[in-house]
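Enquirer: Input protein.pdb, format and content: PDB, C-alpha atoms.
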MODEL        1
ATOM      1  CA  MET A   1      -7.344 -15.585  11.629
ATOM      2  CA  SER A   2      -8.472 -15.980   8.045
ATOM      3  CA  PHE A   3     -11.632 -14.346   6.750
ATOM      4  CA  SER A   4     -14.226 -15.756   4.401
ATOM      5  CA  PRO A   5     -15.271 -13.991   1.184
ATOM      6  CA  SER A   6     -18.662 -13.133   2.681
ATOM      7  CA  HIS A   7     -17.009 -11.669   5.774
ATOM      8  CA  ALA A   8     -14.492  -9.840   3.633
ATOM      9  CA  HIS A   9     -17.219  -8.305   1.478
ATOM     10  CA  ARG A  10     -19.141  -7.097   4.525
ATOM     11  CA  SER A  11     -16.065  -5.718   6.271
ATOM     12  CA  LEU A  12     -14.017  -4.354   3.394
ATOM     13  CA  SER A  13     -16.364  -2.899   0.837
ATOM     14  CA  SER A  14     -16.373   0.872   0.518
ATOM     15  CA  ASP A  15     -17.663   3.364  -2.019
ATOM     16  CA  ARG A  16     -14.518   5.436  -1.418
ATOM     17  CA  LEU A  17     -10.816   4.974  -2.060
ATOM     18  CA  VAL A  18      -9.249   5.405   1.370
ATOM     19  CA  VAL A  19      -5.734   6.841   1.052
ATOM     20  CA  ALA A  20      -3.720   6.837   4.279
ATOM     21  CA  ILE A  21      -0.671   9.130   4.325
ATOM     22  CA  PRO A  22       1.516   9.092   7.451
ATOM     23  CA  THR A  23       3.839  12.086   7.540
ATOM     24  CA  HIS A  24       6.364  13.825   9.755
ATOM     25  CA  ASP A  25       5.179  17.330   8.846
ATOM     26  CA  MET A  26       1.922  17.059   6.819
ATOM     27  CA  ARG A  27       3.812  17.277   3.509
ATOM     28  CA  ALA A  28       3.708  14.768   0.635
ATOM     29  CA  VAL A  29       4.855  14.505  -2.982
ATOM     30  CA  ILE A  30       2.467  16.497  -5.195
ATOM     31  CA  GLN A  31       3.034  14.204  -8.199
ATOM     32  CA  SER A  32       1.840  11.237  -6.142
ATOM     33  CA  LEU A  33      -1.335  13.038  -5.100
ATOM     34  CA  LEU A  34      -2.068  13.967  -8.717
ATOM     35  CA  GLU A  35      -1.733  10.328  -9.810
ATOM     36  CA  ILE A  36      -3.942   9.154  -6.949
ATOM     37  CA  GLY A  37      -6.544  11.715  -7.999
ATOM     38  CA  THR A  38      -6.575  10.169 -11.461
ATOM     39  CA  VAL A  39      -6.877   6.690  -9.910
ATOM     40  CA  GLY A  40     -10.012   7.823  -8.099
ATOM     41  CA  GLN A  41     -11.455   9.071 -11.384
ATOM     42  CA  LEU A  42     -10.681   5.775 -13.131
ATOM     43  CA  LEU A  43     -12.306   3.801 -10.312
ATOM     44  CA  GLN A  44     -15.207   6.273 -10.192
ATOM     45  CA  ARG A  45     -14.770   6.534  -6.433
ATOM     46  CA  PRO A  46     -14.336   9.663  -4.328
ATOM     47  CA  LEU A  47     -11.056   9.868  -2.433
ATOM     48  CA  GLN A  48     -11.005   9.722   1.341
ATOM     49  CA  PHE A  49      -7.625  11.100   2.384
ATOM     50  CA  VAL A  50      -6.625  10.328   5.963
ATOM     51  CA  VAL A  51      -3.437  12.182   6.840
ATOM     52  CA  SER A  52      -1.518  12.489  10.086
ATOM     53  CA  ASP A  53       1.810  13.730  11.335
ATOM     54  CA  GLY A  54       3.820  12.360  14.225
ATOM     55  CA  SER A  55       7.251  12.130  15.766
ATOM     56  CA  ASN A  56       7.598   8.720  14.149
ATOM     57  CA  ILE A  57       5.758   6.875  11.399
ATOM     58  CA  PRO A  58       4.211   4.131  13.606
ATOM     59  CA  ARG A  59       2.612   6.827  15.787
ATOM     60  CA  SER A  60       1.331   8.558  12.671
ATOM     61  CA  ARG A  61      -0.068   5.271  11.334
ATOM     62  CA  ASN A  62      -1.901   4.705  14.617
ATOM     63  CA  THR A  63      -3.423   8.176  14.487
ATOM     64  CA  ILE A  64      -4.618   7.408  10.968
ATOM     65  CA  LEU A  65      -6.240   4.153  12.072
ATOM     66  CA  HIS A  66      -7.938   5.997  14.935
ATOM     67  CA  ARG A  67      -9.396   8.461  12.423
ATOM     68  CA  ILE A  68     -10.450   5.633  10.105
ATOM     69  CA  ARG A  69     -12.307   3.998  12.996
ATOM     70  CA  ASP A  70     -14.166   7.283  13.523
ATOM     71  CA  ILE A  71     -15.083   7.483   9.829
ATOM     72  CA  PHE A  72     -16.046   3.796   9.521
ATOM     73  CA  PRO A  73     -17.268   2.793  13.017
ATOM     74  CA  ASP A  74     -19.014  -0.359  11.789
ATOM     75  CA  ARG A  75     -15.957  -1.916  10.112
ATOM     76  CA  ASP A  76     -13.302  -4.253  11.422
ATOM     77  CA  ARG A  77     -11.262  -4.368   8.190
ATOM     78  CA  LEU A  78     -11.196  -1.927   5.343
ATOM     79  CA  TRP A  79      -9.308  -1.589   2.078
ATOM     80  CA  VAL A  80      -6.649   1.064   2.683
ATOM     81  CA  LEU A  81      -4.044   2.428   0.297
ATOM     82  CA  TRP A  82      -0.999   3.237   2.416
ATOM     83  CA  LEU A  83       1.156   5.895   0.773
ATOM     84  CA  ASP A  84       4.191   7.251   2.580
ATOM     85  CA  SER A  85       4.755  10.976   2.183
ATOM     86  CA  ASP A  86       8.170  10.456   0.554
ATOM     87  CA  ILE A  87       6.999   8.006  -2.114
ATOM     88  CA  GLU A  88       6.791   9.370  -5.653
ATOM     89  CA  ILE A  89       4.298   7.746  -7.997
ATOM     90  CA  LEU A  90       5.730   8.316 -11.456
ATOM     91  CA  HIS A  91       3.632  10.088 -14.052
ATOM     92  CA  GLY A  92       1.293   7.886 -16.069
ATOM     93  CA  HIS A  93       0.905   5.088 -13.511
ATOM     94  CA  ALA A  94      -2.717   5.736 -12.558
ATOM     95  CA  HIS A  95      -4.075   3.008 -14.849
ATOM     96  CA  ALA A  96      -1.638   0.418 -13.464
ATOM     97  CA  ILE A  97      -2.657   1.359  -9.921
ATOM     98  CA  GLN A  98      -6.345   1.127 -10.794
ATOM     99  CA  GLN A  99      -5.820  -2.350 -12.254
ATOM    100  CA  ALA A 100      -3.806  -3.448  -9.213
ATOM    101  CA  ILE A 101      -6.540  -2.247  -6.849
ATOM    102  CA  LEU A 102      -9.210  -4.120  -8.802
ATOM    103  CA  TRP A 103      -7.018  -7.249  -8.826
ATOM    104  CA  ALA A 104      -6.501  -7.031  -5.063
ATOM    105  CA  GLU A 105     -10.210  -6.674  -4.362
ATOM    106  CA  ALA A 106     -11.133  -9.509  -6.727
ATOM    107  CA  HIS A 107      -8.603 -11.840  -5.103
ATOM    108  CA  GLN A 108      -9.048 -10.584  -1.524
ATOM    109  CA  ALA A 109      -5.283 -10.111  -1.281
ATOM    110  CA  GLY A 110      -2.918  -7.255  -0.607
ATOM    111  CA  ILE A 111      -0.714  -5.700  -3.277
ATOM    112  CA  VAL A 112       2.516  -3.764  -2.926
ATOM    113  CA  ALA A 113       4.820  -1.949  -5.325
ATOM    114  CA  ASN A 114       8.591  -1.884  -5.140
ATOM    115  CA  TYR A 115      10.901   0.997  -4.272
ATOM    116  CA  ARG A 116      14.464   1.318  -3.042
ATOM    117  CA  MET A 117      15.212   1.730   0.622
ATOM    118  CA  THR A 118      18.008   3.985   1.883
ATOM    119  CA  THR A 119      20.234   0.884   1.988
ATOM    120  CA  GLY A 120      19.790   0.472  -1.775
ATOM    121  CA  GLN A 121      17.876  -2.780  -1.289
ATOM    122  CA  ASN A 122      14.434  -3.392  -2.718
ATOM    123  CA  VAL A 123      11.640  -3.106  -0.176
ATOM    124  CA  LEU A 124      10.063  -6.436  -1.197
ATOM    125  CA  ILE A 125      10.949  -9.484   0.908
ATOM    126  CA  ALA A 126      10.583 -13.080  -0.246
ATOM    127  CA  ASN A 127       9.839 -14.671   3.136
ATOM    128  CA  ARG A 128       7.667 -13.874   6.164
ATOM    129  CA  ASP A 129       8.782 -16.309   8.881
ATOM    130  CA  PRO A 130      10.071 -14.212  11.820
ATOM    131  CA  SER A 131      12.579 -16.954  12.633
ATOM    132  CA  GLU A 132      14.313 -16.448   9.273
ATOM    133  CA  ALA A 133      16.509 -13.620   8.099
ATOM    134  CA  ALA A 134      14.649 -11.367   5.672
ATOM    135  CA  HIS A 135      15.606 -11.994   2.039
ATOM    136  CA  HIS A 136      15.132  -8.775   0.081
ATOM    137  CA  LEU A 137      14.319  -9.684  -3.498
ATOM    138  CA  THR A 138      16.974  -8.668  -6.017
ATOM    139  CA  ASP A 139      16.383  -6.846  -9.292
ATOM    140  CA  ASP A 140      16.944 -10.091 -11.201
ATOM    141  CA  GLU A 141      14.459 -11.980  -9.030
ATOM    142  CA  LEU A 142      11.830  -9.268  -9.464
ATOM    143  CA  HIS A 143      12.393  -9.177 -13.219
ATOM    144  CA  GLN A 144      11.685 -12.911 -13.472
ATOM    145  CA  MET A 145       8.435 -12.732 -11.486
ATOM    146  CA  GLU A 146       5.025 -12.815 -13.081
ATOM    147  CA  PRO A 147       2.640  -9.904 -12.432
ATOM    148  CA  PHE A 148       1.000 -10.263  -9.026
ATOM    149  CA  ALA A 149       3.333 -13.024  -7.908
ATOM    150  CA  GLU A 150       3.041 -13.736  -4.209
ATOM    151  CA  ILE A 151       5.796 -12.461  -1.913
ATOM    152  CA  GLY A 152       6.371 -12.655   1.815
ATOM    153  CA  MET A 153       6.186  -9.097   3.063
ATOM    154  CA  ALA A 154       7.254  -5.529   2.326
ATOM    155  CA  GLY A 155       7.338  -2.028   3.666
ATOM    156  CA  LEU A 156       4.052  -0.153   3.681
ATOM    157  CA  GLY A 157       5.306   2.819   1.671
ATOM    158  CA  PHE A 158       2.872   1.875  -1.096
ATOM    159  CA  ALA A 159       0.474  -0.940  -0.276
ATOM    160  CA  TYR A 160      -3.213  -1.626  -0.858
ATOM    161  CA  ILE A 161      -4.292  -4.039   1.833
ATOM    162  CA  PRO A 162      -7.345  -5.270   3.749
ATOM    163  CA  GLN A 163      -6.350  -3.318   6.858
ATOM    164  CA  PRO A 164      -7.532  -4.512  10.289
ATOM    165  CA  ILE A 165      -8.468  -1.101  11.651
ATOM    166  CA  GLN A 166      -8.173  -2.069  15.327
ATOM    167  CA  TYR A 167      -4.484  -2.858  14.842
ATOM    168  CA  HIS A 168      -1.834  -0.965  16.810
ATOM    169  CA  PHE A 169       1.502  -0.368  15.088
ATOM    170  CA  TYR A 170       4.567  -0.306  17.278
ATOM    171  CA  ALA A 171       8.133   0.791  16.675
ATOM    172  CA  ASP A 172      11.413  -0.948  17.344
ATOM    173  CA  GLU A 173      14.629  -1.576  15.459
ATOM    174  CA  ILE A 174      12.895  -4.135  13.213
ATOM    175  CA  GLY A 175      10.177  -1.831  11.892
ATOM    176  CA  GLU A 176       6.427  -1.533  12.295
ATOM    177  CA  ASP A 177       5.703  -2.902   8.825
ATOM    178  CA  MET A 178       7.570  -6.167   9.460
ATOM    179  CA  HIS A 179       5.639  -6.667  12.692
ATOM    180  CA  PHE A 180       2.399  -6.037  10.837
ATOM    181  CA  TRP A 181       3.050  -8.896   8.414
ATOM    182  CA  TRP A 182       4.195 -11.245  11.171
ATOM    183  CA  ASP A 183       0.996 -10.437  13.055
ATOM    184  CA  HIS A 184      -1.186 -11.112   9.990
ATOM    185  CA  PRO A 185      -0.152 -14.359   8.304
ATOM    186  CA  ASP A 186      -3.694 -14.611   6.893
ATOM    187  CA  ILE A 187      -3.186 -11.657   4.522
ATOM    188  CA  SER A 188      -1.401 -12.716   1.362
ATOM    189  CA  LEU A 189       0.734 -10.110  -0.401
ATOM    190  CA  HIS A 190       1.435  -9.796  -4.120
ATOM    191  CA  TYR A 191       3.826  -7.788  -6.284
ATOM    192  CA  ALA A 192       2.221  -5.150  -8.505
ATOM    193  CA  LYS A 193       4.940  -5.334 -11.115
ATOM    194  CA  ASP A 194       3.628  -2.594 -13.406
ATOM    195  CA  ILE A 195       3.775   0.120 -10.732
ATOM    196  CA  HIS A 196       7.101   1.957 -10.537
ATOM    197  CA  LEU A 197       7.943   4.278  -7.678
ATOM    198  CA  GLY A 198      10.540   6.768  -6.600
ATOM    199  CA  HIS A 199      11.587   7.218  -2.978
ATOM    200  CA  ARG A 200      12.464  10.732  -1.863
ATOM    201  CA  LYS A 201      13.968   9.638   1.427
ATOM    202  CA  THR A 202      15.378  12.476   3.496
ATOM    203  CA  VAL A 203      19.023  11.965   4.388
ATOM    204  CA  VAL A 204      20.819  14.221   6.829
ATOM    205  CA  LEU A 205      24.188  15.340   5.499
ATOM    206  CA  PHE A 206      26.907  16.262   7.988
TER     207      PHE A 206
ENDMDL
END
When written as C-alpha coordinates, how does the structure in this file appear?
Expert:
Amino acid sequence: MSFSPSHAHRSLSSDRLVVAIPTHDMRAVIQSLLEIGTVGQLLQRPLQFVVSDGSNIPRSRNTILHRIRDIFPDRDRLWVLWLDSDIEILHGHAHAIQQAILWAEAHQAGIVANYRMTTGQNVLIANRDPSEAAHHLTDDELHQMEPFAEIGMAGLGFAYIPQPIQYHFYADEIGEDMHFWWDHPDISLHYAKDIHLGHRKTVVLF
(Lines of atoms letter the chains of each structure in order from A and count residues from 1; the text may use other names and numbers.)
(Lines give C-alpha, C1' and ligand atoms only; values in the text may rest on other atoms or scores of the structure.)
Protein backbone atom coordinates (compact mmCIF):
# COMPACT_ATOMS: atom_id res chain seq x y z
CA MET A 1 0.00 0.00 0.00
CA SER A 2 1.43 3.35 -1.00
CA PHE A 3 1.25 6.37 1.27
CA SER A 4 0.52 9.96 0.38
CA PRO A 5 2.86 12.83 1.31
CA SER A 6 0.37 14.11 3.89
CA HIS A 7 0.10 10.65 5.44
CA ALA A 8 3.85 10.24 5.32
CA HIS A 9 4.42 13.56 7.07
CA ARG A 10 1.97 12.69 9.84
CA SER A 11 3.34 9.18 10.33
CA LEU A 12 7.06 9.65 9.77
CA SER A 13 8.06 13.00 11.17
CA SER A 14 10.17 12.95 14.31
CA ASP A 15 12.30 15.45 16.18
CA ARG A 16 14.79 12.65 16.88
CA LEU A 17 17.12 10.52 14.78
CA VAL A 18 16.06 6.97 15.59
CA VAL A 19 19.03 4.60 15.30
CA ALA A 20 18.14 0.91 15.49
CA ILE A 21 21.04 -1.45 16.24
CA PRO A 22 20.30 -5.19 16.30
CA THR A 23 23.11 -7.12 17.96
CA HIS A 24 24.05 -10.60 19.13
CA ASP A 25 25.71 -9.39 22.33
CA MET A 26 24.98 -5.64 22.78
CA ARG A 27 28.29 -4.66 21.17
CA ALA A 28 28.79 -2.37 18.15
CA VAL A 29 31.63 -0.62 16.33
CA ILE A 30 32.67 2.48 18.31
CA GLN A 31 33.75 4.36 15.17
CA SER A 32 30.24 3.99 13.75
CA LEU A 33 28.64 5.36 16.91
CA LEU A 34 30.99 8.35 16.87
CA GLU A 35 30.04 9.16 13.27
CA ILE A 36 26.34 8.80 14.05
CA GLY A 37 26.80 11.18 16.98
CA THR A 38 28.20 13.75 14.58
CA VAL A 39 25.28 13.14 12.20
CA GLY A 40 22.88 13.99 15.01
CA GLN A 41 24.76 17.23 15.63
CA LEU A 42 24.66 18.16 11.94
CA LEU A 43 20.92 17.48 11.79
CA GLN A 44 20.41 19.25 15.12
CA ARG A 45 18.40 16.28 16.35
CA PRO A 46 18.89 14.25 19.52
CA LEU A 47 19.69 10.58 18.96
CA GLN A 48 17.24 7.90 20.00
CA PHE A 49 19.24 4.68 20.14
CA VAL A 50 17.15 1.51 20.19
CA VAL A 51 19.38 -1.50 20.77
CA SER A 52 18.58 -5.16 21.27
CA ASP A 53 20.35 -8.49 21.38
CA GLY A 54 18.98 -11.84 20.30
CA SER A 55 19.87 -15.33 19.19
CA ASN A 56 19.38 -14.17 15.62
CA ILE A 57 19.13 -10.80 13.92
CA PRO A 58 15.43 -11.05 12.88
CA ARG A 59 14.48 -11.66 16.52
CA SER A 60 16.60 -8.70 17.55
CA ARG A 61 14.97 -6.52 14.88
CA ASN A 62 11.53 -7.49 16.16
CA THR A 63 12.49 -6.59 19.72
CA ILE A 64 13.65 -3.21 18.44
CA LEU A 65 10.35 -2.59 16.65
CA HIS A 66 8.47 -3.55 19.82
CA ARG A 67 10.48 -0.94 21.74
CA ILE A 68 9.91 1.65 19.01
CA ARG A 69 6.16 1.05 19.26
CA ASP A 70 6.41 1.74 23.00
CA ILE A 71 8.33 4.98 22.39
CA PHE A 72 6.10 6.15 19.51
CA PRO A 73 2.66 4.63 20.24
CA ASP A 74 0.83 6.97 17.85
CA ARG A 75 2.88 6.11 14.75
CA ASP A 76 2.41 3.49 12.08
CA ARG A 77 5.59 4.33 10.15
CA LEU A 78 8.68 6.11 11.32
CA TRP A 79 12.03 7.05 9.83
CA VAL A 80 14.53 4.54 11.22
CA LEU A 81 18.26 4.28 10.59
CA TRP A 82 19.09 0.57 10.71
CA LEU A 83 22.73 0.01 11.61
CA ASP A 84 24.03 -3.51 12.11
CA SER A 85 26.50 -3.91 14.96
CA ASP A 86 29.26 -5.14 12.62
CA ILE A 87 29.03 -2.25 10.15
CA GLU A 88 31.86 0.29 10.30
CA ILE A 89 31.08 3.82 9.18
CA LEU A 90 34.41 5.20 8.01
CA HIS A 91 35.74 8.38 9.56
CA GLY A 92 34.55 11.62 7.99
CA HIS A 93 31.28 10.30 6.54
CA ALA A 94 28.90 12.14 8.86
CA HIS A 95 28.19 14.92 6.35
CA ALA A 96 27.41 12.42 3.57
CA ILE A 97 25.04 10.57 5.91
CA GLN A 98 23.33 13.81 6.93
CA GLN A 99 22.81 14.73 3.27
CA ALA A 100 21.48 11.25 2.46
CA ILE A 101 19.00 11.43 5.34
CA LEU A 102 17.74 14.83 4.20
CA TRP A 103 17.45 13.54 0.62
CA ALA A 104 15.46 10.51 1.78
CA GLU A 105 13.04 12.60 3.81
CA ALA A 106 12.57 15.14 1.00
CA HIS A 107 11.83 12.38 -1.51
CA GLN A 108 9.92 10.08 0.87
CA ALA A 109 12.20 7.22 -0.18
CA GLY A 110 14.59 4.86 1.53
CA ILE A 111 18.36 5.06 1.14
CA VAL A 112 20.99 2.39 1.60
CA ALA A 113 24.78 2.31 1.48
CA ASN A 114 26.88 -0.49 0.06
CA TYR A 115 29.13 -2.95 1.87
CA ARG A 116 30.58 -6.36 1.09
CA MET A 117 28.88 -9.49 2.29
CA THR A 118 30.85 -12.53 3.49
CA THR A 119 30.50 -13.94 -0.04
CA GLY A 120 32.43 -10.94 -1.39
CA GLN A 121 29.37 -9.69 -3.26
CA ASN A 122 27.97 -6.20 -2.84
CA VAL A 123 24.87 -6.04 -0.67
CA LEU A 124 22.92 -3.96 -3.21
CA ILE A 125 20.55 -5.83 -5.52
CA ALA A 126 19.25 -4.49 -8.83
CA ASN A 127 15.86 -6.22 -8.83
CA ARG A 128 13.07 -6.88 -6.32
CA ASP A 129 10.75 -9.40 -8.01
CA PRO A 130 10.69 -12.54 -5.81
CA SER A 131 10.24 -14.67 -8.93
CA GLU A 132 13.64 -13.57 -10.25
CA ALA A 133 17.10 -14.51 -9.08
CA ALA A 134 18.71 -11.66 -7.15
CA HIS A 135 21.26 -9.73 -9.21
CA HIS A 136 23.86 -8.26 -6.87
CA LEU A 137 25.21 -5.10 -8.44
CA THR A 138 28.88 -5.27 -9.43
CA ASP A 139 31.54 -2.69 -8.66
CA ASP A 140 31.44 -1.50 -12.27
CA GLU A 141 27.66 -1.12 -12.20
CA LEU A 142 27.78 0.83 -8.95
CA HIS A 143 30.55 3.07 -10.27
CA GLN A 144 28.41 4.03 -13.27
CA MET A 145 25.34 4.91 -11.18
CA GLU A 146 24.34 8.45 -10.37
CA PRO A 147 24.01 9.46 -6.70
CA PHE A 148 20.71 8.25 -5.28
CA ALA A 149 19.95 6.02 -8.24
CA GLU A 150 17.06 3.68 -7.58
CA ILE A 151 17.85 0.02 -6.88
CA GLY A 152 15.71 -3.00 -6.11
CA MET A 153 16.60 -4.02 -2.59
CA ALA A 154 19.50 -4.52 -0.19
CA GLY A 155 20.47 -5.79 3.21
CA LEU A 156 19.50 -3.63 6.15
CA GLY A 157 23.01 -3.32 7.57
CA PHE A 158 22.88 0.42 6.88
CA ALA A 159 19.54 1.75 5.68
CA TYR A 160 17.43 4.81 6.41
CA ILE A 161 13.86 3.86 5.61
CA PRO A 162 10.24 4.76 6.39
CA GLN A 163 9.83 1.72 8.64
CA PRO A 164 6.35 0.23 9.17
CA ILE A 165 6.67 -0.32 12.90
CA GLN A 166 4.00 -3.05 13.11
CA TYR A 167 6.06 -5.25 10.78
CA HIS A 168 7.30 -8.65 11.95
CA PHE A 169 10.64 -9.84 10.57
CA TYR A 170 11.05 -13.55 10.07
CA ALA A 171 14.07 -15.73 9.38
CA ASP A 172 14.66 -18.38 6.77
CA GLU A 173 17.42 -19.28 4.34
CA ILE A 174 16.54 -16.28 2.14
CA GLY A 175 16.97 -13.60 4.80
CA GLU A 176 14.69 -11.26 6.70
CA ASP A 177 15.79 -8.20 4.73
CA MET A 178 14.81 -9.72 1.37
CA HIS A 179 11.38 -10.59 2.74
CA PHE A 180 11.00 -7.05 4.01
CA TRP A 181 11.47 -5.58 0.53
CA TRP A 182 9.19 -8.16 -1.09
CA ASP A 183 6.54 -7.28 1.49
CA HIS A 184 6.89 -3.53 0.84
CA PRO A 185 6.92 -2.83 -2.90
CA ASP A 186 5.63 0.68 -2.12
CA ILE A 187 8.93 1.77 -0.54
CA SER A 188 11.45 2.81 -3.16
CA LEU A 189 15.13 2.35 -2.34
CA HIS A 190 18.07 4.45 -3.52
CA TYR A 191 21.85 4.13 -3.44
CA ALA A 192 23.67 6.63 -1.22
CA LYS A 193 26.82 6.56 -3.29
CA ASP A 194 28.91 8.89 -1.13
CA ILE A 195 28.66 6.70 1.98
CA HIS A 196 31.40 4.07 2.27
CA LEU A 197 31.24 1.29 4.82
CA GLY A 198 33.32 -1.50 6.25
CA HIS A 199 31.85 -4.82 7.35
CA ARG A 200 33.43 -6.49 10.36
CA LYS A 201 31.65 -9.78 9.84
CA THR A 202 32.59 -12.45 12.36
CA VAL A 203 33.88 -15.62 10.72
CA VAL A 204 34.51 -18.77 12.70
CA LEU A 205 37.88 -20.30 11.88
CA PHE A 206 38.34 -24.04 12.35
Enquirer: Would you compute the distance between atom CA of Asn56 of chain A and atom CA of His24 of chain A? Give it in Å to one decimal.
Expert: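 Distance reported for this atom pair: 6.8 Å.
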Enquirer: Which residues come within 7 Å of Ile21 of chain A, counting only C-alpha atoms, excluding same-chain residues fewer than 2 positions away, as a list in words?
Expert: Val19, Thr23, Val50, Val51, Ser52, Trp82, Leu83, Asp84 and Ser85 of chain A
Enquirer: Place a sphere of radius 9 Å on (5.2, 0.5, 3.0) in the file coordinates and name every protein, DNA or RNA residue with an atom inside or on its surface, counting all atoms listed in the file; give the answer as a PyMOL selection string.
Expert: chain A and resi 82-84+112-113+123+154-159+177
Enquirer: Take the PyMOL selection byres ((chain A and resi 183) around 12), run it mentally on this structure, and tell me the resulting residues as an MDAnalysis selection string.
Expert: chainID A and resid 1 128:130 153 163:164 167:170 176:182 184:187
Enquirer: Output the residue selection produced by the PyMOL selection byres ((chain A and resi 71) around 12) on the file above, formatted as a ChimeraX atom specification.
Expert: /A:14,16,18,48-50,64-70,72-76,78,165
Enquirer: Excluding Thr138 of chain A and any residue of its chain fewer than 3 positions from it, enumerate the residues within 8 Å of it, using all atoms listed in the file, and give them as a ChimeraX atom specification.
Expert: /A:121-122,141-142
Enquirer: Give me, please, the distance in Å between atom CA of Val80 of chain A and atom CA of Gly92 of chain A, quoted to one decimal.
Expert: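 Taking atom CA of Val80 of chain A as the start and atom CA of Gly92 of chain A as the end point, the length is 21.5 Å.
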Enquirer: For Ala126 of chain A, which residue among A:Asn62, A:Gly152, A:Trp79, A:Glu35 is the nearest when counting all atoms listed in the file?
Expert: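 Counting all atoms listed in the file, the residue closest to Ala126 of chain A is A:Gly152.
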Enquirer: Using all atoms listed in the file, determine which residues lie at most 9 Å from His93 of chain A, disregarding the query and same-chain residues fewer than 4 positions distant; provide the list as a tab-separated table (two decimals) with C-alpha atoms, keeping the file's coordinate frame.
Expert:
chain	number	residue	atom	x	y	z
A	35	GLU	CA	-1.73	10.33	-9.81
A	39	VAL	CA	-6.88	6.69	-9.91
A	89	ILE	CA	4.30	7.75	-8.00
A	97	ILE	CA	-2.66	1.36	-9.92
A	98	GLN	CA	-6.34	1.13	-10.79
A	194	ASP	CA	3.63	-2.59	-13.41
A	195	ILE	CA	3.78	0.12	-10.73
A	196	HIS	CA	7.10	1.96	-10.54
Enquirer: Between atom CA of Ile87 of chain A and atom CA of Val29 of chain A, what is the spacing in Å?
Expert: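 We find that atom CA of Val29 of chain A and atom CA of Ile87 of chain A lie 6.9 Å from each other.
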Enquirer: With only C-alpha atoms as the counted atoms, please give the residues lying no more than 9 Å from Ile111 of chain A, apart from itself and same-chain residues fewer than 2 positions off, as a VMD selection string.
Expert: chain A and resid 100 to 101 103 to 104 109 113 148 150 158 to 161 188 to 192
Enquirer: I'd like to know which of A:Ile57, A:Ala106, A:Leu81, A:Leu124 is closest to Gly175 of chain A, using only C-alpha atoms.
Expert: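 Among A:Ile57, A:Ala106, A:Leu81, A:Leu124, it is A:Ile57 that comes nearest to Gly175 of chain A.
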Enquirer: Taking into account all atoms listed in the file, which residue in the set A:Asp86, A:Ile30, A:His95, A:Arg59 is nearest to Leu43 of chain A?
Expert: A:His95
Enquirer: Could you check the closest approach to Leu47 of chain A for each of A:Leu34, A:Leu90, A:Met117, A:Ala134 and tell me which residue wins, using only C-alpha atoms?
Expert: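 Going through A:Leu34, A:Leu90, A:Met117, A:Ala134 one by one, the smallest distance to Leu47 of chain A is for A:Leu34.
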